[in-house]
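Have a look at the structure below before the remarks.
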Amino acid sequence: MNKRDFYNCTTIYMGKYVEGSNKGFDCQYEVALAKHLAEAFALWSEVEFFDEKNGYLILKISYVNDNFFKEESLATIKFFMQMYDFSYCKSVEERKPIDGDSK
């Protein structure tokens with residue numbers, strides 16, 4: 001791959017304590033929400049960490065920096081975080097391959 005085979009991206013890390021049930025903590029609802037957001041706005045969404053003992057979930061959502069709608073993408077992610085009670089953890093600049101393969 002050459003330099004043009006990658007996107008310059010910003011990845012936002014967000015955390016949340018998820019609700020529990022009588023079978024323990026389940027993060028499938030929050031993961032599905034992030035997946036739908038990513039699909040609707042051409043973003044990347046991944047689970048970074050889930051602590052089954054305490055119910056703490058960390059998700060990553062990434063957007064392309066070289067995109068004309070960069071600011072709108074960030075605003076959409078911020079709205080998502082506020083709407084679903086996620087806390088901001090950190091953000092990092094990274095490069096993602098165009099083909100979607102993270103290797």
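Each chain in the structure tokens gets a letter, A, B and so on, in the order shown; residues start at 1 in every chain, and ligands are counted from 1 in the order they appear.
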- Write out as a ChimeraX atom specification each polymer residue whose atoms come within 10 Å of Ser87 (chain A), counting only C-alpha atoms; drop sequence neighbours fewer than 4 positions from it. /A:13-17,58,78,81-82
- Tell me, as number ranges by chain, which residues lie within 12 Å of Leu74 (chain A), counting only C-alpha atoms; anything in the same chain fewer than 3 positions away does not count. A: 9-12, 41, 43, 61-65, 67-71, 77-81, 91
- Could you pull the residues within 10 Å of Asp26 (chain A), counting only C-alpha atoms, minus those fewer than 2 positions along the same chain, as a ChimeraX atom specification? /A:18-21,23-24,28-31,50-52,55-57
Hey, can you spit out that residue selection with C-alpha atoms as a PDB file, in the first residue's frame?
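For reference, result_18.pdb as written:
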ATOM      1  CA  VAL A  18     -24.080   0.037  30.842  1.00  0.00           C
ATOM      2  CA  GLU A  19     -27.192  -1.266  32.525  1.00  0.00           C
ATOM      3  CA  GLY A  20     -27.196  -4.725  34.035  1.00  0.00           C
ATOM      4  CA  SER A  21     -29.714  -7.523  34.086  1.00  0.00           C
ATOM      5  CA  LYS A  23     -27.541 -12.280  33.868  1.00  0.00           C
ATOM      6  CA  GLY A  24     -24.889  -9.554  34.215  1.00  0.00           C
ATOM      7  CA  GLN A  28     -25.130  -5.021  22.816  1.00  0.00           C
ATOM      8  CA  TYR A  29     -27.598  -2.117  22.716  1.00  0.00           C
ATOM      9  CA  GLU A  30     -24.857   0.529  22.877  1.00  0.00           C
ATOM     10  CA  VAL A  31     -22.698  -1.341  20.350  1.00  0.00           C
ATOM     11  CA  PHE A  50     -15.812  -3.969  27.852  1.00  0.00           C
ATOM     12  CA  ASP A  51     -15.467  -4.833  31.539  1.00  0.00           C
ATOM     13  CA  GLU A  52     -18.106  -7.489  32.172  1.00  0.00           C
ATOM     14  CA  GLY A  55     -20.277  -2.976  33.079  1.00  0.00           C
ATOM     15  CA  TYR A  56     -17.910  -0.328  31.696  1.00  0.00           C
ATOM     16  CA  LEU A  57     -17.790   0.008  27.903  1.00  0.00           C
TER      17      LEU A  57
END
- Nearest-residue call for Lys96 (chain A), choices A:Leu59, A:Ala34, A:Tyr84, A:Trp44, using only C-alpha atoms: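 The shortest atom-to-atom distance to Lys96 (chain A) comes from A:Trp44.
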- Message: To test your reading of the structure, identify every residue in region 30-82 of chain A that backbone DSSP assigns to alpha helix (DSSP H), and report it as a ChimeraX atom specification.
- Response: /A:30-41,70-82
When DSSP is applied to the backbone of this structure, which of region 16-67 of chain A are assigned strand (DSSP E)? Write them out as a JSON list (two decimals) with N, CA, C and O atoms, in the first residue's frame.
[["chain", "number", "residue", "atom", "x", "y", "z"],
["A", 16, "LYS", "N", -18.85, 4.48, 28.94],
["A", 16, "LYS", "CA", -20.17, 4.50, 29.58],
["A", 16, "LYS", "C", -20.33, 3.25, 30.44],
["A", 16, "LYS", "O", -19.88, 2.17, 30.07],
["A", 17, "TYR", "N", -20.99, 3.42, 31.59],
["A", 17, "TYR", "CA", -21.42, 2.26, 32.37],
["A", 17, "TYR", "C", -22.76, 1.82, 31.81],
["A", 17, "TYR", "O", -23.69, 2.61, 31.72],
["A", 20, "GLY", "N", -27.30, -3.30, 33.81],
["A", 20, "GLY", "CA", -27.20, -4.73, 34.03],
["A", 20, "GLY", "C", -28.55, -5.40, 34.05],
["A", 20, "GLY", "O", -29.58, -4.77, 34.10],
["A", 21, "SER", "N", -28.50, -6.71, 33.96],
["A", 21, "SER", "CA", -29.71, -7.52, 34.09],
["A", 21, "SER", "C", -29.40, -8.62, 35.10],
["A", 21, "SER", "O", -28.32, -8.64, 35.67],
["A", 24, "GLY", "N", -26.12, -10.33, 34.29],
["A", 24, "GLY", "CA", -24.89, -9.55, 34.21],
["A", 24, "GLY", "C", -25.07, -8.36, 33.29],
["A", 24, "GLY", "O", -26.17, -8.02, 32.89],
["A", 25, "PHE", "N", -23.97, -7.74, 32.96],
["A", 25, "PHE", "CA", -24.00, -6.54, 32.13],
["A", 25, "PHE", "C", -24.00, -6.91, 30.65],
["A", 25, "PHE", "O", -23.37, -7.88, 30.23],
["A", 44, "TRP", "N", -16.34, 4.92, 11.22],
["A", 44, "TRP", "CA", -15.93, 3.61, 11.72],
["A", 44, "TRP", "C", -16.34, 3.53, 13.19],
["A", 44, "TRP", "O", -16.21, 4.48, 13.93],
["A", 45, "SER", "N", -16.79, 2.36, 13.60],
["A", 45, "SER", "CA", -17.17, 2.14, 14.99],
["A", 45, "SER", "C", -16.61, 0.80, 15.44],
["A", 45, "SER", "O", -16.72, -0.20, 14.72],
["A", 46, "GLU", "N", -15.99, 0.80, 16.62],
["A", 46, "GLU", "CA", -15.41, -0.44, 17.17],
["A", 46, "GLU", "C", -15.56, -0.44, 18.68],
["A", 46, "GLU", "O", -15.58, 0.61, 19.30],
["A", 47, "VAL", "N", -15.62, -1.63, 19.24],
["A", 47, "VAL", "CA", -15.57, -1.77, 20.70],
["A", 47, "VAL", "C", -14.09, -1.83, 21.08],
["A", 47, "VAL", "O", -13.34, -2.66, 20.58],
["A", 48, "GLU", "N", -13.68, -0.93, 21.94],
["A", 48, "GLU", "CA", -12.30, -0.91, 22.41],
["A", 48, "GLU", "C", -12.13, -1.81, 23.64],
["A", 48, "GLU", "O", -11.16, -2.51, 23.78],
["A", 49, "PHE", "N", -13.13, -1.76, 24.55],
["A", 49, "PHE", "CA", -12.99, -2.47, 25.82],
["A", 49, "PHE", "C", -14.38, -2.63, 26.45],
["A", 49, "PHE", "O", -15.21, -1.73, 26.36],
["A", 50, "PHE", "N", -14.60, -3.78, 27.06],
["A", 50, "PHE", "CA", -15.81, -3.97, 27.85],
["A", 50, "PHE", "C", -15.46, -4.76, 29.09],
["A", 50, "PHE", "O", -14.96, -5.88, 29.01],
["A", 51, "ASP", "N", -15.71, -4.18, 30.26],
["A", 51, "ASP", "CA", -15.47, -4.83, 31.54],
["A", 51, "ASP", "C", -16.77, -5.47, 32.00],
["A", 51, "ASP", "O", -17.68, -4.77, 32.46],
["A", 56, "TYR", "N", -18.45, -1.52, 32.35],
["A", 56, "TYR", "CA", -17.91, -0.33, 31.70],
["A", 56, "TYR", "C", -17.52, -0.64, 30.26],
["A", 56, "TYR", "O", -16.79, -1.59, 29.99],
["A", 57, "LEU", "N", -18.00, 0.19, 29.34],
["A", 57, "LEU", "CA", -17.79, 0.01, 27.90],
["A", 57, "LEU", "C", -17.03, 1.21, 27.34],
["A", 57, "LEU", "O", -17.34, 2.35, 27.68],
["A", 58, "ILE", "N", -16.04, 0.94, 26.50],
["A", 58, "ILE", "CA", -15.36, 1.99, 25.75],
["A", 58, "ILE", "C", -15.52, 1.69, 24.27],
["A", 58, "ILE", "O", -15.16, 0.61, 23.80],
["A", 59, "LEU", "N", -16.11, 2.65, 23.55],
["A", 59, "LEU", "CA", -16.28, 2.56, 22.10],
["A", 59, "LEU", "C", -15.35, 3.54, 21.41],
["A", 59, "LEU", "O", -14.99, 4.57, 21.99],
["A", 60, "LYS", "N", -15.00, 3.21, 20.17],
["A", 60, "LYS", "CA", -14.23, 4.12, 19.32],
["A", 60, "LYS", "C", -15.07, 4.44, 18.09],
["A", 60, "LYS", "O", -15.62, 3.53, 17.48],
["A", 61, "ILE", "N", -15.15, 5.71, 17.76],
["A", 61, "ILE", "CA", -15.79, 6.13, 16.51],
["A", 61, "ILE", "C", -14.80, 7.05, 15.80],
["A", 61, "ILE", "O", -14.27, 7.98, 16.40],
["A", 62, "SER", "N", -14.54, 6.75, 14.53],
["A", 62, "SER", "CA", -13.57, 7.51, 13.75],
["A", 62, "SER", "C", -14.23, 8.19, 12.57],
["A", 62, "SER", "O", -15.19, 7.68, 12.00],
["A", 63, "TYR", "N", -13.67, 9.35, 12.20],
["A", 63, "TYR", "CA", -14.13, 10.07, 11.01],
["A", 63, "TYR", "C", -12.92, 10.55, 10.23],
["A", 63, "TYR", "O", -11.82, 10.72, 10.77],
["A", 64, "VAL", "N", -13.12, 10.81, 8.94],
["A", 64, "VAL", "CA", -12.04, 11.21, 8.05],
["A", 64, "VAL", "C", -11.76, 12.70, 8.21],
["A", 64, "VAL", "O", -12.67, 13.52, 8.17]]
- A straight line from CA of Val92 (chain A) to CA of Ala38 (chain A) spans 17.5 Å
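Of note, CA of Glu93 (chain A) and CA of Tyr7 (chain A) are spaced 10.5 Å apart.
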